[in-house]
Amino acid sequence: MTTAVIVDAVRSASGKGKPGGALSGTHPVALLGDVLRQLAARNDLDPALVDDVITGCVSQGGDQSLNIARNAVLAAGFPESVPGTTVDRQCGSSQQAAHFAAQGVIAGAYDIVIAAGVESMSRVPMGSTTQGSDPYAPLTARYPEGLILQGYSAELIAARWKFDREALDAFSARSHRLAAQAAASGAFDREIVPINVVGTDDTNVEFRVDETVRASTTPEGLAGLKPAFEDAAMGARYPEINWSITPGNSSPLTDGASAVLIMSEEKANALGLTPRARFHAFAVTGDDPVIMLTGVIPATHKVLERAGLTIDDIDAFEVNEAFASVPLAWAKDTGADLDKTNIRGGAIALGHPLGASGGRLTSTLLGVLESTGGRWGLQTMCEGGGMANAMVIERL
């Protein structure tokens with residue numbers, strides 16, 4: 001069977017996903033195009049050899065409409081012969097892109113493929129593409145009380161897994177502390193590619209440091225923030241909720257892009273490229289769409305079974321920190337060691353540019369495995385609608 005390998009993985013630094021954020025003046029097509037161009041250039045890869053570019057993007061409207069993958073390929077200066085397609089697996093879109101890309105290589109459909117992701121939450125705000133519509137309307141017969149916002153789902157997880165506000169804030173402060181330490185040590189230097197942006201003095205500057213990390217964050221400081229989703233009607237519907245989810249223990253709105261260069265091991269060797277990791281196992285699963293964010297738990301069990309590994313075999317975990325309650329519940333249910341989880345911080349600090357986050361996790365996971373000498377890495381993402389992706393990679 002053909003083996004699929006990761007040759008390289010890169011990302012932009014994370015910009016605050018609001019007007020005035022470092023990347024808010026950059027069109028998402030140009031942002032992803034720049035990341036694609038730099039990925040090819042730093043690996044001395046002729047872009048004409050790329051069979052496909054599979055790109056995750058959640059809000060596919062406005063600046064991100066009309067198949068942003070193809071538009072970014074053209075913006076990158078790749079030959080017109082290189083195709084691109086855009087996928088939506090909600091927050092796990094670029095991880096799903098990597099699954100599709102690697103599975104295409106294993107099946108023999110591709111020799112070289114790029115799995116990418118992009119989201120400009122400043123230019124295409126979350127939810128803006130559904131305004132004036134109710135995509136859940138046909139589901140009321142099955143879910144008569146209706147589906148709910150992810151923030152309420154995060155509250156339900158905190159309540160049902162019995163995580164109090166102090167535990168959520170302590171985990172969130174940890175995320176910022178570890179991310180700040182990683183940035184200061186140069187741990188992110190290999191994964192972040194510089195993006196030229198217009199600075200405050202109207203001159204071009206290089207943006208290459210995550211804008212969302214706050215090194216001064218403490219649990220005490222986070223304790224002063226008010227709950228973000230408190231609502232009397234929802235409180236009556238779910239009396240177990242303690243209203244513990246705040247902007248400080250949630251991932252911030254973020255702009256960013258990522259790209260992973262995937263090949264058959266044979267093709268990488270023929271091109272004189274050294275693979276960094278091998279894809280070992282994949283899983284995708286659905287779970288309760290109301291509590292929504294717990295799919296990472298069955299997805300982890302499923303991918304470990306497929307990999308023939310146990311949770312203790314894994315040397316490093318990357319679990320998307322959509323809200324602090326998600327990785328905490330995941331660790332409690334799976335028995336994973338939090339000391340091996342998100343050791344360079346997570347999305348609470350590094351940001352969550354929806355469509356790009358899967359690629360961001362992959363780039364960080366590779367760096368962690370290489371710096372620690374670990375062999376096995378597991379990455380998993382919770383996703384809207386109660387889904388989750390998980391994959392196991394093996395460092396080479």
# chains A, B, ... in the order shown; residues from 1 in each chain; ligands from 1

$ closest_atom_pairs --of "range 128-207 of chain A" --to "range 52-58 of chain A" --cutoff "12 Å" --atoms "only C-alpha atoms" --output "JSON lines"
{"residue": "A:Ser128", "atom": "CA", "partner": "A:Val58", "partner_atom": "CA", "distance": 11.0}
{"residue": "A:Thr129", "atom": "CA", "partner": "A:Val58", "partner_atom": "CA", "distance": 9.6}
{"residue": "A:Thr130", "atom": "CA", "partner": "A:Val58", "partner_atom": "CA", "distance": 11.4}

$ residues_around --residues "Thr217 in chain A" --least-positions-apart "4" --cutoff "7 Å" --atoms "only C-alpha atoms" --output "PyMOL selection string"
chain A and resi 173+176+221

$ select_by_dssp --residues "range 110-251 of chain A" --states "strand (DSSP E or B)" --output "number ranges by chain"
A: 112-120, 192, 195-198, 204-207, 250

$ write_last_selection --atoms "C-alpha atoms" --output "PDB file, in the first residue's frame"
ATOM      1  CA  ILE A 112       1.565  15.386  -4.429  1.00  0.00           C
ATOM      2  CA  VAL A 113      -1.277  17.317  -2.810  1.00  0.00           C
ATOM      3  CA  ILE A 114      -1.524  20.318  -0.500  1.00  0.00           C
ATOM      4  CA  ALA A 115      -4.059  20.360   2.335  1.00  0.00           C
ATOM      5  CA  ALA A 116      -4.710  23.961   3.277  1.00  0.00           C
ATOM      6  CA  GLY A 117      -7.069  26.116   5.291  1.00  0.00           C
ATOM      7  CA  VAL A 118      -8.031  29.750   5.624  1.00  0.00           C
ATOM      8  CA  GLU A 119     -10.446  31.936   7.558  1.00  0.00           C
ATOM      9  CA  SER A 120     -10.681  35.705   7.754  1.00  0.00           C
ATOM     10  CA  ILE A 192       5.150  30.383  10.855  1.00  0.00           C
ATOM     11  CA  ILE A 195       2.957  37.712   5.799  1.00  0.00           C
ATOM     12  CA  ASN A 196       3.485  41.221   4.439  1.00  0.00           C
ATOM     13  CA  VAL A 197       0.860  43.565   5.884  1.00  0.00           C
ATOM     14  CA  VAL A 198       0.394  47.314   5.970  1.00  0.00           C
ATOM     15  CA  ASN A 204       4.723  47.161   4.551  1.00  0.00           C
ATOM     16  CA  VAL A 205       5.841  45.112   7.548  1.00  0.00           C
ATOM     17  CA  GLU A 206       6.286  41.396   8.168  1.00  0.00           C
ATOM     18  CA  PHE A 207       3.665  39.822  10.419  1.00  0.00           C
ATOM     19  CA  SER A 250     -12.864  30.543  24.895  1.00  0.00           C
TER      20      SER A 250
END

$ closest_residue --among "A:Glu155, A:Val326, A:Phe317, A:Val392" --to "Asp231 in chain A" --atoms "only C-alpha atoms"
A:Glu155

$ closest_atom_pairs --of "range 123-205 of chain A" --to "range 362-384 of chain A" --cutoff "10 Å" --atoms "only C-alpha atoms" --output "CSV"
residue,atom,partner,partner_atom,distance
A:Leu149,CA,A:Gly384,CA,9.3
A:Gln150,CA,A:Gly384,CA,7.5
A:Ala187,CA,A:Gly367,CA,7.4
A:Phe188,CA,A:Thr364,CA,7.5
A:Asp189,CA,A:Gly367,CA,9.7
A:Arg190,CA,A:Gly367,CA,7.9
A:Glu191,CA,A:Ser363,CA,5.8
A:Ile192,CA,A:Ser363,CA,8.7

$ write_last_selection --atoms "C-alpha atoms" --output "PDB file, in the first residue's frame"
ATOM      1  CA  LEU A 149     -25.045  27.916  20.074  1.00  0.00           C
ATOM      2  CA  GLN A 150     -21.654  26.332  20.739  1.00  0.00           C
ATOM      3  CA  ALA A 187       9.523  27.066  18.953  1.00  0.00           C
ATOM      4  CA  PHE A 188       7.103  28.475  16.365  1.00  0.00           C
ATOM      5  CA  ASP A 189       9.757  29.830  14.018  1.00  0.00           C
ATOM      6  CA  ARG A 190       9.731  26.848  11.665  1.00  0.00           C
ATOM      7  CA  GLU A 191       5.959  26.676  11.299  1.00  0.00           C
ATOM      8  CA  ILE A 192       5.150  30.383  10.855  1.00  0.00           C
TER       9      ILE A 192
END

$ closest_residue --among "A:Gly61, A:Gly358, A:Pro353, A:Gly15" --to "Val124 in chain A" --atoms "only C-alpha atoms"
A:Gly61

$ residues_around --residues "Ala137 in chain A" --least-positions-apart "5" --cutoff "10 Å" --atoms "only C-alpha atoms" --output "CSV table (one decimal) with C-alpha atoms, in the first residue's frame"
chain,number,residue,atom,x,y,z
A,143,TYR,CA,-34.9,18.1,17.8
A,146,GLY,CA,-33.8,23.2,18.6
A,147,LEU,CA,-30.1,23.1,18.3

$ select_by_dssp --residues "range 101-311 of chain A" --states "alpha helix (DSSP H)" --output "number ranges by chain"
A: 101-107, 150-160, 165-185, 219-222, 232-237, 265-270, 296-307

$ write_last_selection --atoms "C-alpha atoms" --output "tab-separated table (two decimals), in the first residue's frame"
chain	number	residue	atom	x	y	z
A	101	ALA	CA	-5.38	14.54	0.74
A	102	ALA	CA	-3.57	11.70	2.49
A	103	GLN	CA	-6.31	9.21	1.66
A	104	GLY	CA	-6.04	10.29	-1.99
A	105	VAL	CA	-2.32	9.55	-1.91
A	106	ILE	CA	-2.88	6.17	-0.27
A	107	ALA	CA	-5.51	5.32	-2.89
A	150	GLN	CA	-21.65	26.33	20.74
A	151	GLY	CA	-21.21	28.56	23.77
A	152	TYR	CA	-24.19	26.91	25.44
A	153	SER	CA	-22.79	23.52	24.47
A	154	ALA	CA	-19.51	24.45	26.16
A	155	GLU	CA	-21.50	25.44	29.26
A	156	LEU	CA	-23.27	22.08	29.28
A	157	ILE	CA	-19.95	20.24	29.04
A	158	ALA	CA	-18.53	22.23	31.95
A	159	ALA	CA	-21.61	21.47	34.04
A	160	ARG	CA	-21.95	17.78	33.19
A	165	ARG	CA	-14.90	28.38	36.71
A	166	GLU	CA	-11.54	28.12	38.49
A	167	ALA	CA	-10.57	24.97	36.56
A	168	LEU	CA	-11.55	26.52	33.23
A	169	ASP	CA	-9.62	29.72	33.92
A	170	ALA	CA	-6.55	27.85	35.19
A	171	PHE	CA	-6.44	25.80	31.97
A	172	SER	CA	-6.85	28.95	29.88
A	173	ALA	CA	-4.04	30.76	31.69
A	174	ARG	CA	-1.88	27.68	31.06
A	175	SER	CA	-2.59	27.99	27.34
A	176	HIS	CA	-1.32	31.58	27.24
A	177	ARG	CA	1.68	30.79	29.43
A	178	LEU	CA	2.81	27.86	27.30
A	179	ALA	CA	2.21	29.70	24.03
A	180	ALA	CA	4.17	32.72	25.24
A	181	GLN	CA	7.05	30.51	26.37
A	182	ALA	CA	7.05	28.67	23.03
A	183	ALA	CA	7.08	31.93	21.07
A	184	ALA	CA	9.89	33.38	23.19
A	185	SER	CA	12.00	30.23	22.71
A	219	PRO	CA	-6.26	32.85	36.49
A	220	GLU	CA	-6.89	35.81	38.77
A	221	GLY	CA	-7.20	38.15	35.82
A	222	LEU	CA	-9.50	35.79	33.96
A	232	ALA	CA	-32.35	33.50	31.47
A	233	ALA	CA	-34.35	31.38	29.02
A	234	MET	CA	-31.43	28.99	28.45
A	235	GLY	CA	-30.82	28.86	32.19
A	236	ALA	CA	-34.41	27.75	32.74
A	237	ARG	CA	-34.05	25.14	30.01
A	265	GLU	CA	6.76	8.48	0.36
A	266	GLU	CA	8.07	7.25	-3.00
A	267	LYS	CA	7.53	10.66	-4.63
A	268	ALA	CA	9.17	12.50	-1.73
A	269	ASN	CA	12.22	10.29	-2.00
A	270	ALA	CA	12.36	10.75	-5.77
A	296	VAL	CA	-13.40	14.37	20.12
A	297	ILE	CA	-13.93	11.63	22.72
A	298	PRO	CA	-15.37	8.89	20.45
A	299	ALA	CA	-13.13	10.07	17.59
A	300	THR	CA	-10.06	9.52	19.77
A	301	HIS	CA	-11.17	6.04	20.78
A	302	LYS	CA	-11.93	5.21	17.14
A	303	VAL	CA	-8.60	6.40	15.75
A	304	LEU	CA	-6.60	4.63	18.46
A	305	GLU	CA	-8.41	1.37	17.69
A	306	ARG	CA	-7.64	1.79	14.00
A	307	ALA	CA	-4.02	2.60	14.78
